[in-house]
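Q: Provided herewith is a single structure, encoded as structure tokens, for subsequent inquiry.
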Amino acid sequence: MSNESRRMAGLLLIILPTVLYGGISLLLLLTDPGSGYAENPLRQDLFRAGHAHAGVLLVLSLITLRYVDETSLSDGLKRFVRSSIPTSAIFLPAAFFFSVISPNATEPNAFIYLAYVGAVLLAAGLITLGVGLLKKKK
């Protein structure tokens with residue numbers, strides 16, 4: 001594993017416990033009758049989706065780091081793959097959380113469009129990695 005991939009893996013492992021903190025926060029919101037969280041199904045769904053996406057995408061980021069250095073990609077494209085997938089783990093959950101930040105939200109606000117940015121970054125990173133793995137390494 002390259003130094004760049006190892007550094008990114010270290011950062012991701014340090015960041016991953018924030019997802020645990022998010023899960024505890026959701027549990028506290030669910031058990032606090034004064035939070036209003038339980039009365040807003042849209043907010044529940046989007047917070048749950050944000051939390052799930054954060055965890056899954058961070059784990060996916062760790063997994064893909066094991067493959068980046070095995071590709072025939074240029075250093076710049078390797079850097080792109082190493083950063084695009086973890087960055088999508090920021091944009092997608094942020095879209096879900098911030099789009100219903102108000103306890104009284106009945107529909108997502110414009111922050112929901114960050115999900116498209118995250119989805120494009122995720123797809124671009126995964127496709128780039130896949131193509132790099134399929135190409136014969138020199």
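Just remember, in the structure tokens the first chain shown is A, the second B, etc., residues are 1-based per chain, and ligands are 1-based in the order shown.
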Got a sec: who's within 12 Å of Leu13 of chain A, counting only C-alpha atoms, leaving out chain neighbours fewer than 4 positions off, as a PyMOL selection string?

A: chain A and resi 6-9+17-20+55+58-63+86

Q: Extract, using only C-alpha atoms, all DNA, RNA and protein residues at most 10 Å from Gly130 of chain A, discarding same-chain residues fewer than 5 positions from it, and format them as a PyMOL selection string.

A: chain A and resi 64+67-68+71+124-125+135

Q: Could you go through chain A and tell me which residues DSSP, when run on the backbone, assigns to alpha helix (DSSP H), listing them as a PyMOL selection string?

A: chain A and resi 3-15+17-31+41-68+75-98+114-134

Q: Given the selection you just returned, output its residues as a file containing C-alpha atoms, formatted as a compact mmCIF listing (two decimals), in the first residue's frame.

A:
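Once written, part18.txt looks like this:
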# COMPACT_ATOMS: atom_id res chain seq x y z
CA ASN A 3 1.99 6.11 1.66
CA GLU A 4 -0.89 8.17 0.23
CA SER A 5 -3.36 5.30 0.57
CA ARG A 6 -2.11 4.45 4.05
CA ARG A 7 -2.50 8.07 5.17
CA MET A 8 -6.03 8.24 3.78
CA ALA A 9 -6.90 4.93 5.47
CA GLY A 10 -5.62 6.29 8.77
CA LEU A 11 -7.73 9.43 8.42
CA LEU A 12 -10.81 7.41 7.53
CA LEU A 13 -10.35 5.14 10.53
CA ILE A 14 -10.08 8.19 12.78
CA ILE A 15 -13.20 9.72 11.18
CA PRO A 17 -16.18 6.86 15.00
CA THR A 18 -18.09 10.03 14.11
CA VAL A 19 -20.65 7.72 12.49
CA LEU A 20 -20.96 5.97 15.84
CA TYR A 21 -21.54 9.36 17.45
CA GLY A 22 -24.22 10.04 14.83
CA GLY A 23 -25.95 6.78 15.70
CA ILE A 24 -25.95 7.69 19.37
CA SER A 25 -27.34 11.12 18.49
CA LEU A 26 -30.18 9.51 16.52
CA LEU A 27 -30.92 7.22 19.42
CA LEU A 28 -31.06 10.19 21.79
CA LEU A 29 -33.39 12.05 19.42
CA LEU A 30 -35.67 9.03 19.24
CA THR A 31 -35.84 8.64 23.01
CA PRO A 41 -41.32 10.86 9.48
CA LEU A 42 -39.55 12.74 6.67
CA ARG A 43 -36.84 13.91 9.04
CA GLN A 44 -36.50 10.41 10.48
CA ASP A 45 -36.13 8.88 7.03
CA LEU A 46 -33.57 11.39 5.79
CA PHE A 47 -31.53 11.34 9.02
CA ARG A 48 -31.49 7.55 8.88
CA ALA A 49 -30.46 7.63 5.21
CA GLY A 50 -27.71 10.15 5.98
CA HIS A 51 -26.37 8.06 8.82
CA ALA A 52 -26.43 4.85 6.76
CA HIS A 53 -24.77 6.47 3.75
CA ALA A 54 -22.01 7.94 5.91
CA GLY A 55 -21.11 4.58 7.39
CA VAL A 56 -21.35 2.55 4.22
CA LEU A 57 -19.42 5.06 2.12
CA LEU A 58 -16.61 5.37 4.65
CA VAL A 59 -16.24 1.59 4.74
CA LEU A 60 -16.39 1.49 0.93
CA SER A 61 -13.67 4.15 0.88
CA LEU A 62 -11.45 1.94 3.02
CA ILE A 63 -12.07 -1.05 0.79
CA THR A 64 -11.32 0.82 -2.43
CA LEU A 65 -8.01 2.09 -1.03
CA ARG A 66 -6.77 -1.48 -1.11
CA TYR A 67 -7.22 -1.48 -4.89
CA VAL A 68 -6.08 2.00 -5.98
CA ASP A 75 -0.89 9.50 -10.04
CA GLY A 76 -3.48 12.25 -10.55
CA LEU A 77 -6.28 9.76 -11.20
CA LYS A 78 -5.22 7.69 -8.22
CA ARG A 79 -5.42 10.85 -6.10
CA PHE A 80 -8.88 11.52 -7.55
CA VAL A 81 -10.11 8.03 -6.65
CA ARG A 82 -8.62 8.22 -3.14
CA SER A 83 -10.46 11.48 -2.49
CA SER A 84 -13.68 11.27 -4.52
CA ILE A 85 -15.20 8.30 -2.70
CA PRO A 86 -14.58 9.67 0.83
CA THR A 87 -15.76 13.10 -0.34
CA SER A 88 -19.03 11.53 -1.48
CA ALA A 89 -19.33 10.27 2.12
CA ILE A 90 -19.52 13.93 3.12
CA PHE A 91 -21.82 15.29 0.40
CA LEU A 92 -24.47 12.55 0.46
CA PRO A 93 -25.09 12.51 4.23
CA ALA A 94 -24.86 16.31 4.39
CA ALA A 95 -27.62 16.52 1.79
CA PHE A 96 -29.88 14.30 3.86
CA PHE A 97 -29.15 15.94 7.21
CA PHE A 98 -29.12 19.61 6.21
CA LEU A 114 -25.77 18.07 -2.54
CA ALA A 115 -26.83 14.43 -2.91
CA TYR A 116 -26.39 14.75 -6.67
CA VAL A 117 -22.87 16.13 -6.21
CA GLY A 118 -22.05 13.23 -3.91
CA ALA A 119 -23.56 10.69 -6.30
CA VAL A 120 -21.57 12.03 -9.25
CA LEU A 121 -18.34 11.99 -7.23
CA LEU A 122 -19.02 8.46 -6.03
CA ALA A 123 -19.85 7.16 -9.52
CA ALA A 124 -16.86 8.92 -11.10
CA GLY A 125 -14.48 7.54 -8.48
CA LEU A 126 -15.82 4.00 -8.72
CA ILE A 127 -15.86 3.96 -12.52
CA THR A 128 -12.33 5.38 -12.67
CA LEU A 129 -11.12 2.74 -10.22
CA GLY A 130 -12.90 -0.02 -12.12
CA VAL A 131 -11.43 1.04 -15.46
CA GLY A 132 -7.99 1.31 -13.86
CA LEU A 133 -8.27 -2.21 -12.54
CA LEU A 134 -9.45 -3.60 -15.88

Q: List the neighbours of Ser99 of chain A out to 9 Å using only C-alpha atoms; skip same-chain residues closer than 5 positions along the sequence, and give me the result as a PyMOL selection string.

A: chain A and resi 43+46+94+105+107-113

Q: Output all heavy atoms for every residue in the selection just made, as a CSV table (one decimal), in the first residue's frame.

A:
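Okay, this is what ended up in part.csv:
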chain,number,residue,atom,x,y,z
A,43,ARG,N,-38.1,13.7,8.4
A,43,ARG,CA,-36.8,13.9,9.0
A,43,ARG,C,-36.2,12.6,9.5
A,43,ARG,O,-35.0,12.4,9.4
A,43,ARG,CB,-37.1,14.9,10.2
A,43,ARG,CG,-35.8,15.5,10.7
A,43,ARG,CD,-36.2,16.6,11.7
A,43,ARG,NE,-35.0,17.4,12.0
A,43,ARG,CZ,-34.6,17.7,13.3
A,43,ARG,NH1,-35.5,17.4,14.3
A,43,ARG,NH2,-33.5,18.3,13.5
A,46,LEU,N,-34.8,10.8,6.4
A,46,LEU,CA,-33.6,11.4,5.8
A,46,LEU,C,-32.4,11.3,6.8
A,46,LEU,O,-31.2,11.2,6.3
A,46,LEU,CB,-33.9,12.8,5.3
A,46,LEU,CG,-34.7,12.9,4.1
A,46,LEU,CD1,-35.1,14.3,3.7
A,46,LEU,CD2,-34.0,12.2,2.9
A,94,ALA,N,-24.6,14.9,4.1
A,94,ALA,CA,-24.9,16.3,4.4
A,94,ALA,C,-26.2,16.7,3.7
A,94,ALA,O,-27.0,17.5,4.3
A,94,ALA,CB,-23.7,17.2,3.9
A,105,ALA,N,-39.7,20.6,9.3
A,105,ALA,CA,-39.6,20.4,7.8
A,105,ALA,C,-40.6,19.4,7.3
A,105,ALA,O,-40.8,18.4,7.8
A,105,ALA,CB,-38.2,20.0,7.4
A,107,GLU,N,-40.7,19.1,3.8
A,107,GLU,CA,-40.1,18.7,2.5
A,107,GLU,C,-38.6,19.2,2.6
A,107,GLU,O,-38.3,20.1,3.3
A,107,GLU,CB,-40.8,19.3,1.3
A,107,GLU,CG,-40.8,20.8,1.3
A,107,GLU,CD,-41.6,21.4,0.1
A,107,GLU,OE1,-42.6,20.8,-0.3
A,107,GLU,OE2,-41.1,22.4,-0.5
A,108,PRO,N,-37.8,18.5,1.8
A,108,PRO,CA,-36.4,18.8,1.9
A,108,PRO,C,-36.1,20.2,1.3
A,108,PRO,O,-36.8,20.6,0.3
A,108,PRO,CB,-35.7,17.8,1.0
A,108,PRO,CG,-36.7,16.7,0.8
A,108,PRO,CD,-38.0,17.3,1.0
A,109,ASN,N,-35.1,21.0,1.8
A,109,ASN,CA,-34.8,22.2,1.3
A,109,ASN,C,-33.7,22.0,0.2
A,109,ASN,O,-33.4,20.9,-0.2
A,109,ASN,CB,-34.3,23.2,2.4
A,109,ASN,CG,-33.1,22.8,3.1
A,109,ASN,OD1,-32.2,22.1,2.5
A,109,ASN,ND2,-33.0,23.1,4.4
A,110,ALA,N,-33.1,23.1,-0.3
A,110,ALA,CA,-32.2,23.0,-1.4
A,110,ALA,C,-30.9,22.3,-1.1
A,110,ALA,O,-30.2,21.8,-2.1
A,110,ALA,CB,-31.8,24.4,-1.9
A,111,PHE,N,-30.6,22.0,0.1
A,111,PHE,CA,-29.4,21.2,0.5
A,111,PHE,C,-29.5,19.8,-0.1
A,111,PHE,O,-28.5,19.1,-0.3
A,111,PHE,CB,-29.2,21.1,2.0
A,111,PHE,CG,-28.4,22.3,2.6
A,111,PHE,CD1,-29.1,23.2,3.4
A,111,PHE,CD2,-27.1,22.5,2.3
A,111,PHE,CE1,-28.4,24.3,3.9
A,111,PHE,CE2,-26.4,23.5,2.8
A,111,PHE,CZ,-27.0,24.4,3.6
A,112,ILE,N,-30.7,19.4,-0.4
A,112,ILE,CA,-30.9,18.0,-0.9
A,112,ILE,C,-30.1,17.8,-2.3
A,112,ILE,O,-29.7,16.7,-2.6
A,112,ILE,CB,-32.4,17.6,-1.1
A,112,ILE,CG1,-32.6,16.1,-1.2
A,112,ILE,CG2,-33.0,18.3,-2.3
A,112,ILE,CD1,-32.2,15.4,0.0
A,113,TYR,N,-29.8,18.9,-2.9
A,113,TYR,CA,-29.1,18.8,-4.2
A,113,TYR,C,-27.6,18.4,-4.0
A,113,TYR,O,-27.0,18.0,-5.0
A,113,TYR,CB,-29.2,20.1,-5.0
A,113,TYR,CG,-30.7,20.4,-5.4
A,113,TYR,CD1,-31.4,21.4,-4.9
A,113,TYR,CD2,-31.3,19.5,-6.4
A,113,TYR,CE1,-32.7,21.6,-5.3
A,113,TYR,CE2,-32.6,19.7,-6.7
A,113,TYR,CZ,-33.3,20.8,-6.2
A,113,TYR,OH,-34.6,21.0,-6.5

Q: Tell me which of A:Ser35, A:Met1, A:Leu73, A:Lys136 sits closest to Ser102 of chain A, counting only C-alpha atoms.

A: A:Ser35
